[in-house]
$ cat query.txt   # compact mmCIF, C-alpha atoms and all ligand atoms
# COMPACT_ATOMS: atom_id res chain seq x y z
CA LEU A 1161 -6.47 -25.33 -8.08
CA GLN A 1162 -5.41 -27.48 -11.04
CA ARG A 1163 -6.96 -25.62 -13.96
CA LEU A 1164 -9.74 -23.30 -15.01
CA THR A 1165 -12.25 -24.36 -17.65
CA GLY A 1166 -14.64 -22.54 -19.96
CA THR A 1167 -15.08 -21.35 -23.50
CA GLY A 1168 -14.79 -17.60 -24.02
CA ALA A 1169 -15.27 -17.02 -20.30
CA VAL A 1170 -14.36 -19.03 -17.22
CA SER A 1171 -17.07 -21.40 -16.04
CA GLY A 1172 -15.34 -23.92 -13.82
CA ALA A 1173 -12.36 -24.72 -11.64
CA VAL A 1174 -10.89 -28.21 -11.46
CA LEU A 1175 -9.18 -28.96 -8.14
CA SER A 1176 -6.31 -31.38 -7.60
CA ASP A 1177 -8.60 -33.76 -5.66
CA GLY A 1178 -10.79 -34.10 -8.76
CA ARG A 1179 -13.62 -31.86 -7.60
CA GLU A 1180 -15.06 -29.33 -10.06
CA LEU A 1181 -16.52 -26.03 -8.92
CA ASP A 1182 -18.85 -23.73 -10.88
CA VAL A 1183 -17.11 -20.37 -11.30
CA ASP A 1184 -18.46 -16.96 -12.43
CA PHE A 1185 -15.23 -15.03 -12.24
CA VAL A 1186 -11.66 -15.40 -10.99
CA ILE A 1187 -9.50 -13.11 -8.90
CA ALA A 1188 -5.82 -14.01 -9.39
CA GLY A 1189 -3.59 -12.98 -6.48
CA VAL A 1190 0.08 -13.01 -7.51
CA GLY A 1191 3.26 -11.48 -6.13
CA ILE A 1192 2.26 -11.70 -2.47
CA ALA A 1193 4.98 -13.98 -1.04
CA PRO A 1194 8.44 -12.37 -0.77
CA ALA A 1195 11.24 -14.23 -2.59
CA THR A 1196 13.67 -14.81 0.25
CA ALA A 1197 15.56 -17.92 -0.89
CA LEU A 1198 18.75 -15.99 -1.67
CA ALA A 1199 18.65 -14.14 1.66
CA GLU A 1200 17.96 -17.38 3.49
CA ALA A 1201 20.94 -19.03 1.77
CA ALA A 1202 23.07 -16.05 2.84
CA GLY A 1203 21.97 -16.67 6.43
CA VAL A 1204 20.38 -13.27 7.07
CA ALA A 1205 17.43 -12.93 9.44
CA LEU A 1206 13.95 -13.20 7.95
CA ASN A 1207 10.80 -11.74 9.48
CA ASN A 1208 7.94 -11.47 7.00
CA GLY A 1209 10.54 -11.03 4.27
CA ILE A 1210 14.14 -9.95 4.73
CA ALA A 1211 14.38 -8.14 8.05
CA VAL A 1212 16.26 -4.86 7.68
CA ASP A 1213 16.87 -2.00 10.09
CA ALA A 1214 15.71 1.56 9.45
CA GLN A 1215 18.70 2.13 7.18
CA GLY A 1216 18.17 -1.03 5.13
CA ARG A 1217 20.88 -3.17 6.66
CA THR A 1218 20.14 -6.87 7.14
CA SER A 1219 21.36 -8.88 10.13
CA ASP A 1220 24.64 -9.16 8.20
CA PRO A 1221 26.07 -5.60 8.27
CA HIS A 1222 27.57 -6.10 4.79
CA ILE A 1223 24.25 -7.03 3.18
CA TRP A 1224 21.55 -4.44 2.43
CA ALA A 1225 18.07 -4.89 1.03
CA ALA A 1226 15.19 -2.72 -0.19
CA GLY A 1227 11.79 -3.12 -1.79
CA ASP A 1228 8.92 -5.59 -1.58
CA CYS A 1229 11.09 -8.34 -0.13
CA THR A 1230 12.00 -6.40 3.05
CA SER A 1231 10.25 -5.78 6.34
CA PHE A 1232 11.43 -2.65 8.08
CA PRO A 1233 10.67 -0.65 11.24
CA TYR A 1234 7.53 1.48 11.03
CA GLN A 1235 5.71 3.28 13.84
CA GLY A 1236 6.93 0.97 16.57
CA GLY A 1237 6.36 -2.24 14.59
CA ARG A 1238 7.54 -3.71 11.31
CA ILE A 1239 5.88 -3.65 7.92
CA ARG A 1240 6.46 -4.92 4.42
CA LEU A 1241 5.16 -2.43 1.87
CA GLU A 1242 4.41 -3.76 -1.58
CA SER A 1243 4.21 -0.73 -3.85
CA VAL A 1244 6.25 0.97 -6.54
CA PRO A 1245 6.60 4.22 -4.54
CA ASN A 1246 8.07 2.33 -1.59
CA ALA A 1247 10.40 0.30 -3.81
CA ILE A 1248 11.77 3.55 -5.25
CA ASP A 1249 11.89 5.67 -2.07
CA GLN A 1250 13.36 2.96 0.16
CA ALA A 1251 15.92 1.95 -2.48
CA GLU A 1252 17.10 5.57 -2.81
CA VAL A 1253 17.67 5.87 0.94
CA VAL A 1254 19.36 2.47 1.15
CA ALA A 1255 21.64 3.35 -1.78
CA GLU A 1256 22.66 6.53 0.05
CA ASN A 1257 23.28 4.50 3.21
CA ILE A 1258 25.50 2.03 1.36
CA MET A 1259 27.54 5.14 0.50
CA GLY A 1260 27.65 6.06 4.20
CA ALA A 1261 24.77 8.53 4.62
CA GLY A 1262 23.47 6.91 7.83
CA LYS A 1263 19.88 7.98 7.10
CA ASP A 1264 16.74 6.35 8.47
CA TYR A 1265 14.03 5.53 5.95
CA ILE A 1266 10.75 7.05 7.17
CA ALA A 1267 8.07 5.46 5.00
CA LYS A 1268 5.16 7.62 3.87
CA PRO A 1269 2.96 4.90 2.43
CA TRP A 1270 1.07 5.75 -0.75
CA PHE A 1271 -0.08 3.75 -3.71
CA TRP A 1272 -1.69 4.20 -7.08
CA SER A 1273 -3.15 1.86 -9.63
CA ASP A 1274 -5.21 2.19 -12.78
CA GLN A 1275 -7.90 -0.47 -12.85
CA TYR A 1276 -9.67 -0.11 -16.18
CA ASP A 1277 -11.42 3.29 -15.96
CA VAL A 1278 -10.84 3.69 -12.22
CA LYS A 1279 -7.80 5.54 -10.91
CA LEU A 1280 -7.15 4.21 -7.44
CA GLN A 1281 -4.96 6.26 -5.10
CA ILE A 1282 -4.24 5.38 -1.50
CA ALA A 1283 -2.53 7.52 1.13
CA GLY A 1284 -1.50 6.04 4.49
CA LEU A 1285 -2.27 2.58 5.84
CA ASN A 1286 -5.70 1.78 7.25
CA THR A 1287 -4.53 -1.02 9.56
CA GLY A 1288 -6.31 -0.76 12.92
CA TYR A 1289 -8.99 1.68 11.83
CA THR A 1290 -12.06 2.08 14.04
CA ASP A 1291 -14.23 4.20 11.72
CA VAL A 1292 -14.53 4.76 8.00
CA VAL A 1293 -16.27 7.75 6.42
CA SER A 1294 -17.46 7.55 2.81
CA ARG A 1295 -17.36 10.57 0.53
CA ILE A 1296 -19.39 9.64 -2.52
CA GLY A 1297 -19.21 12.10 -5.40
CA ALA A 1298 -20.82 12.12 -8.81
CA GLY A 1299 -20.26 9.30 -11.30
CA GLN A 1300 -17.51 6.92 -10.24
CA THR A 1301 -15.87 9.41 -7.88
CA ALA A 1302 -15.52 8.34 -4.26
CA SER A 1303 -13.14 8.34 -1.35
CA PHE A 1304 -13.05 6.42 1.91
CA TRP A 1305 -11.46 8.00 4.95
CA TYR A 1306 -10.17 5.72 7.73
CA TYR A 1307 -9.85 6.88 11.34
CA ARG A 1308 -8.55 5.33 14.55
CA ASP A 1309 -10.13 7.02 17.54
CA GLY A 1310 -10.46 10.30 15.64
CA ALA A 1311 -7.00 10.24 14.06
CA LEU A 1312 -6.92 10.09 10.26
CA LEU A 1313 -4.99 6.97 9.17
CA ALA A 1314 -5.61 6.55 5.46
CA VAL A 1315 -7.61 7.64 2.43
CA ASP A 1316 -8.64 5.41 -0.47
CA ALA A 1317 -9.64 7.55 -3.45
CA MET A 1318 -11.32 6.41 -6.67
CA ASN A 1319 -11.10 8.89 -9.54
CA ASP A 1320 -10.71 11.62 -6.93
CA PRO A 1321 -7.11 12.90 -7.00
CA ARG A 1322 -8.08 15.96 -4.97
CA ALA A 1323 -9.35 13.88 -2.03
CA TYR A 1324 -6.20 11.76 -2.25
CA MET A 1325 -3.87 14.77 -2.33
CA ILE A 1326 -5.57 16.49 0.60
CA GLY A 1327 -5.73 13.25 2.61
CA LYS A 1328 -2.05 12.55 1.96
CA ARG A 1329 -0.98 16.01 3.06
CA LEU A 1330 -3.13 15.82 6.19
CA ILE A 1331 -1.74 12.40 7.14
CA GLU A 1332 1.86 13.46 6.57
CA ALA A 1333 1.30 16.59 8.67
CA GLY A 1334 -0.23 14.50 11.46
CA LYS A 1335 -3.56 16.32 11.06
CA THR A 1336 -7.04 14.84 10.98
CA ALA A 1337 -10.20 15.75 9.00
CA ASP A 1338 -13.63 16.54 10.41
CA PRO A 1339 -15.73 13.48 9.45
CA ALA A 1340 -18.82 15.63 8.83
CA MET A 1341 -16.91 17.72 6.28
CA VAL A 1342 -15.46 14.61 4.67
CA ALA A 1343 -18.87 12.93 4.36
CA ASP A 1344 -20.35 15.85 2.42
CA PRO A 1345 -19.02 15.77 -1.17
CA GLU A 1346 -20.09 19.41 -1.64
CA THR A 1347 -17.73 20.62 1.12
CA ASP A 1348 -14.34 21.91 -0.03
CA LEU A 1349 -11.70 20.05 1.98
CA LYS A 1350 -8.79 22.35 1.16
CA PRO A 1351 -9.35 24.60 4.22
CA LEU A 1352 -8.53 21.54 6.36
CA LEU A 1353 -4.91 21.91 5.29
CA LYS A 1354 -4.73 25.34 6.91
CA ALA A 1355 -6.45 24.29 10.15
C1 LIG B 1 -0.07 -8.14 -10.28
C2 LIG B 1 0.61 -6.98 -9.58
C3 LIG B 1 0.12 -5.70 -9.74
C4 LIG B 1 0.73 -4.62 -9.09
N1 LIG B 1 0.20 -3.36 -9.26
C5 LIG B 1 0.79 -2.32 -8.65
C6 LIG B 1 0.28 -1.02 -8.83
O1 LIG B 1 -0.69 -0.80 -9.55
N2 LIG B 1 0.89 0.01 -8.17
C7 LIG B 1 1.98 -0.18 -7.36
O2 LIG B 1 2.50 0.78 -6.78
N3 LIG B 1 2.50 -1.43 -7.18
C8 LIG B 1 1.92 -2.49 -7.80
N4 LIG B 1 2.43 -3.74 -7.62
C9 LIG B 1 3.58 -3.91 -6.74
C10 LIG B 1 4.86 -3.55 -7.46
O3 LIG B 1 4.98 -4.33 -8.64
C11 LIG B 1 6.01 -3.86 -6.51
O4 LIG B 1 5.83 -3.13 -5.31
C12 LIG B 1 7.35 -3.47 -7.10
O5 LIG B 1 7.58 -4.11 -8.34
C13 LIG B 1 8.45 -3.87 -6.11
O6 LIG B 1 9.71 -3.59 -6.69
P1 LIG B 1 10.96 -4.40 -6.18
O7 LIG B 1 12.12 -3.90 -6.99
O8 LIG B 1 11.05 -4.34 -4.69
O9 LIG B 1 10.68 -5.93 -6.49
P2 LIG B 1 10.38 -6.65 -7.89
O10 LIG B 1 9.84 -5.68 -8.90
O11 LIG B 1 9.55 -7.86 -7.52
O12 LIG B 1 11.82 -7.10 -8.38
C14 LIG B 1 12.55 -8.11 -7.72
C15 LIG B 1 13.37 -8.83 -8.78
O13 LIG B 1 14.30 -9.69 -8.14
C16 LIG B 1 14.33 -10.91 -8.86
N5 LIG B 1 14.85 -11.96 -7.97
C17 LIG B 1 14.25 -12.53 -6.89
N6 LIG B 1 15.05 -13.46 -6.34
C18 LIG B 1 16.19 -13.48 -7.09
C19 LIG B 1 17.40 -14.23 -7.03
N7 LIG B 1 17.61 -15.15 -6.10
N8 LIG B 1 18.33 -13.97 -7.95
C20 LIG B 1 18.15 -13.02 -8.91
N9 LIG B 1 17.03 -12.30 -9.02
C21 LIG B 1 16.07 -12.52 -8.12
C22 LIG B 1 12.90 -11.11 -9.30
O14 LIG B 1 12.82 -12.00 -10.38
C23 LIG B 1 12.51 -9.69 -9.69
O15 LIG B 1 12.84 -9.41 -11.02
C24 LIG B 1 1.86 -4.84 -8.27
C25 LIG B 1 2.36 -6.13 -8.11
C26 LIG B 1 1.75 -7.19 -8.75
C27 LIG B 1 2.32 -8.57 -8.57
$ encode --input "query.txt" --output "structure tokens" --more "lines below"
Ligand SMILES: Cc1cc2nc3c(=O)[nH]c(=O)nc-3n(C[C@H](O)[C@H](O)[C@H](O)COP(=O)(O)OP(=O)(O)OC[C@H]3O[C@@H](n4cnc5c(N)ncnc54)[C@H](O)[C@@H]3O)c2cc1C
Amino acid sequence: LQRLTGTGAVSGAVLSDGRELDVDFVIAGVGIAPATALAEAAGVALNNGIAVDAQGRTSDPHIWAAGDCTSFPYQGGRIRLESVPNAIDQAEVVAENIMGAGKDYIAKPWFWSDQYDVKLQIAGLNTGYTDVVSRIGAGQTASFWYYRDGALLAVDAMNDPRAYMIGKRLIEAGKTADPAMVADPETDLKPLLKA
């Protein structure tokens, strides 16, 4: 992409090979690639970002890292979590570890964002889901519940903080949610927390 064109609203995209595309709207994706140049120059191991252990130590035991730029152990694999809650929670644990706490960071992924009039809240990670159950409420209220072979993995909630809160607590407790209850927006989900 070389430049966008249009008056008042975008109408075209000029590419570096000279082609011009008609465009109705643009989605700009920024902040996706981790900035690892400094870590690379320091000679620490990279693996989808700066590879750290569960305590936040890089391959150089004197260098620690936290936040978007790191990949860390999670449920038998490694992830890089790009969210404010992770940047804060991981950094707090890593700071304690620099002071000698020796604590593993156990990520509990969650995310929020306000997109115009939609409050988006996500609990868990839906990677590897096999089923998704939609809970469509009134107006712009909805939540999407992701399962892998019956186990609840993640909940995406739009303007539905209650669904988000219940989903988050269920996921953190290692509990699941009956898909039939979830699918019916009239069903109170709170009893699931006591099951
Ligand atoms: C467009 C956009 C929207 C987002 N919306 C949300 C949202 O709604 N909710 C949410 O939870 N998260 C959101 N995020 C993600 C959130 O911004 C990040 O997860 C969070 O900022 C990560 O914090 P951090 O401290 O790890 O890294 P950053 O905030 O990226 O800070 C890293 C800093 O290090 C600096 N730096 C890098 N290399 C060097 C170097 N060599 N020397 C000196 N300084 C260096 C950078 O300039 C930067 O200031 C969004 C991100 C983007 C890009």
$ atom_distance --input "query.txt" --atom1 "atom O13 of ligand LIG 1 (chain B)" --atom2 "CA of Ala1283 in chain A"
25.8 Å
$ residues_near_ligand --input "query.txt" --ligand "ligand LIG 1 (chain B)" --cutoff "7 Å" --atoms "all atoms listed in the file" --output "PyMOL selection string"
chain A and resi 1190-1192+1195-1198+1226-1229+1242-1247+1271-1274
$ atom_distance --input "query.txt" --atom1 "CA of Ala1188 in chain A" --atom2 "CA of Gln1162 in chain A"
13.6 Å
$ closest_residue --input "query.txt" --among "A:Ala1355, A:Ala1214, A:Val1170, A:Ala1340" --to "Val1254 in chain A" --atoms "all atoms listed in the file"
A:Ala1214
$ closest_residue --input "query.txt" --among "A:Ala1173, A:Met1318, A:Leu1313, A:Val1253" --to "Gly1299 in chain A" --atoms "only C-alpha atoms"
A:Met1318
$ build_atoms --input "query.txt" --residues "range 1183-1196 of chain A" --atoms "N, CA, C and O atoms" --output "PDB file, in the coordinates of the input"
ATOM      1  N   VAL A1183     -17.807 -21.641 -11.539  1.00  0.00           N
ATOM      2  CA  VAL A1183     -17.110 -20.370 -11.300  1.00  0.00           C
ATOM      3  C   VAL A1183     -17.694 -19.283 -12.207  1.00  0.00           C
ATOM      4  O   VAL A1183     -17.906 -19.514 -13.392  1.00  0.00           O
ATOM      5  N   ASP A1184     -17.992 -18.107 -11.636  1.00  0.00           N
ATOM      6  CA  ASP A1184     -18.460 -16.960 -12.430  1.00  0.00           C
ATOM      7  C   ASP A1184     -17.309 -16.073 -12.851  1.00  0.00           C
ATOM      8  O   ASP A1184     -17.306 -15.508 -13.934  1.00  0.00           O
ATOM      9  N   PHE A1185     -16.378 -15.864 -11.933  1.00  0.00           N
ATOM     10  CA  PHE A1185     -15.230 -15.030 -12.240  1.00  0.00           C
ATOM     11  C   PHE A1185     -14.072 -15.442 -11.344  1.00  0.00           C
ATOM     12  O   PHE A1185     -14.269 -16.166 -10.360  1.00  0.00           O
ATOM     13  N   VAL A1186     -12.869 -14.979 -11.699  1.00  0.00           N
ATOM     14  CA  VAL A1186     -11.660 -15.400 -10.990  1.00  0.00           C
ATOM     15  C   VAL A1186     -10.887 -14.157 -10.560  1.00  0.00           C
ATOM     16  O   VAL A1186     -10.740 -13.218 -11.346  1.00  0.00           O
ATOM     17  N   ILE A1187     -10.443 -14.148  -9.344  1.00  0.00           N
ATOM     18  CA  ILE A1187      -9.500 -13.110  -8.900  1.00  0.00           C
ATOM     19  C   ILE A1187      -8.160 -13.807  -8.704  1.00  0.00           C
ATOM     20  O   ILE A1187      -8.056 -14.739  -7.904  1.00  0.00           O
ATOM     21  N   ALA A1188      -7.148 -13.385  -9.494  1.00  0.00           N
ATOM     22  CA  ALA A1188      -5.820 -14.010  -9.390  1.00  0.00           C
ATOM     23  C   ALA A1188      -4.940 -13.144  -8.484  1.00  0.00           C
ATOM     24  O   ALA A1188      -4.724 -11.965  -8.769  1.00  0.00           O
ATOM     25  N   GLY A1189      -4.478 -13.709  -7.387  1.00  0.00           N
ATOM     26  CA  GLY A1189      -3.590 -12.980  -6.480  1.00  0.00           C
ATOM     27  C   GLY A1189      -2.161 -13.463  -6.687  1.00  0.00           C
ATOM     28  O   GLY A1189      -1.834 -14.604  -6.397  1.00  0.00           O
ATOM     29  N   VAL A1190      -1.311 -12.613  -7.247  1.00  0.00           N
ATOM     30  CA  VAL A1190       0.080 -13.010  -7.510  1.00  0.00           C
ATOM     31  C   VAL A1190       1.029 -11.986  -6.895  1.00  0.00           C
ATOM     32  O   VAL A1190       0.666 -10.830  -6.683  1.00  0.00           O
ATOM     33  N   GLY A1191       2.244 -12.421  -6.612  1.00  0.00           N
ATOM     34  CA  GLY A1191       3.260 -11.480  -6.130  1.00  0.00           C
ATOM     35  C   GLY A1191       3.134 -11.153  -4.662  1.00  0.00           C
ATOM     36  O   GLY A1191       3.604 -10.114  -4.215  1.00  0.00           O
ATOM     37  N   ILE A1192       2.514 -12.024  -3.880  1.00  0.00           N
ATOM     38  CA  ILE A1192       2.260 -11.700  -2.470  1.00  0.00           C
ATOM     39  C   ILE A1192       3.361 -12.229  -1.563  1.00  0.00           C
ATOM     40  O   ILE A1192       3.714 -11.580  -0.577  1.00  0.00           O
ATOM     41  N   ALA A1193       3.940 -13.391  -1.910  1.00  0.00           N
ATOM     42  CA  ALA A1193       4.980 -13.980  -1.040  1.00  0.00           C
ATOM     43  C   ALA A1193       6.353 -13.419  -1.416  1.00  0.00           C
ATOM     44  O   ALA A1193       6.729 -13.435  -2.588  1.00  0.00           O
ATOM     45  N   PRO A1194       7.110 -12.903  -0.450  1.00  0.00           N
ATOM     46  CA  PRO A1194       8.440 -12.370  -0.770  1.00  0.00           C
ATOM     47  C   PRO A1194       9.397 -13.486  -1.150  1.00  0.00           C
ATOM     48  O   PRO A1194       9.381 -14.563  -0.551  1.00  0.00           O
ATOM     49  N   ALA A1195      10.250 -13.236  -2.169  1.00  0.00           N
ATOM     50  CA  ALA A1195      11.240 -14.230  -2.590  1.00  0.00           C
ATOM     51  C   ALA A1195      12.480 -14.079  -1.708  1.00  0.00           C
ATOM     52  O   ALA A1195      13.272 -13.163  -1.906  1.00  0.00           O
ATOM     53  N   THR A1196      12.604 -14.974  -0.747  1.00  0.00           N
ATOM     54  CA  THR A1196      13.670 -14.810   0.250  1.00  0.00           C
ATOM     55  C   THR A1196      14.722 -15.913   0.187  1.00  0.00           C
ATOM     56  O   THR A1196      15.586 -15.986   1.062  1.00  0.00           O
TER      57      THR A1196
END
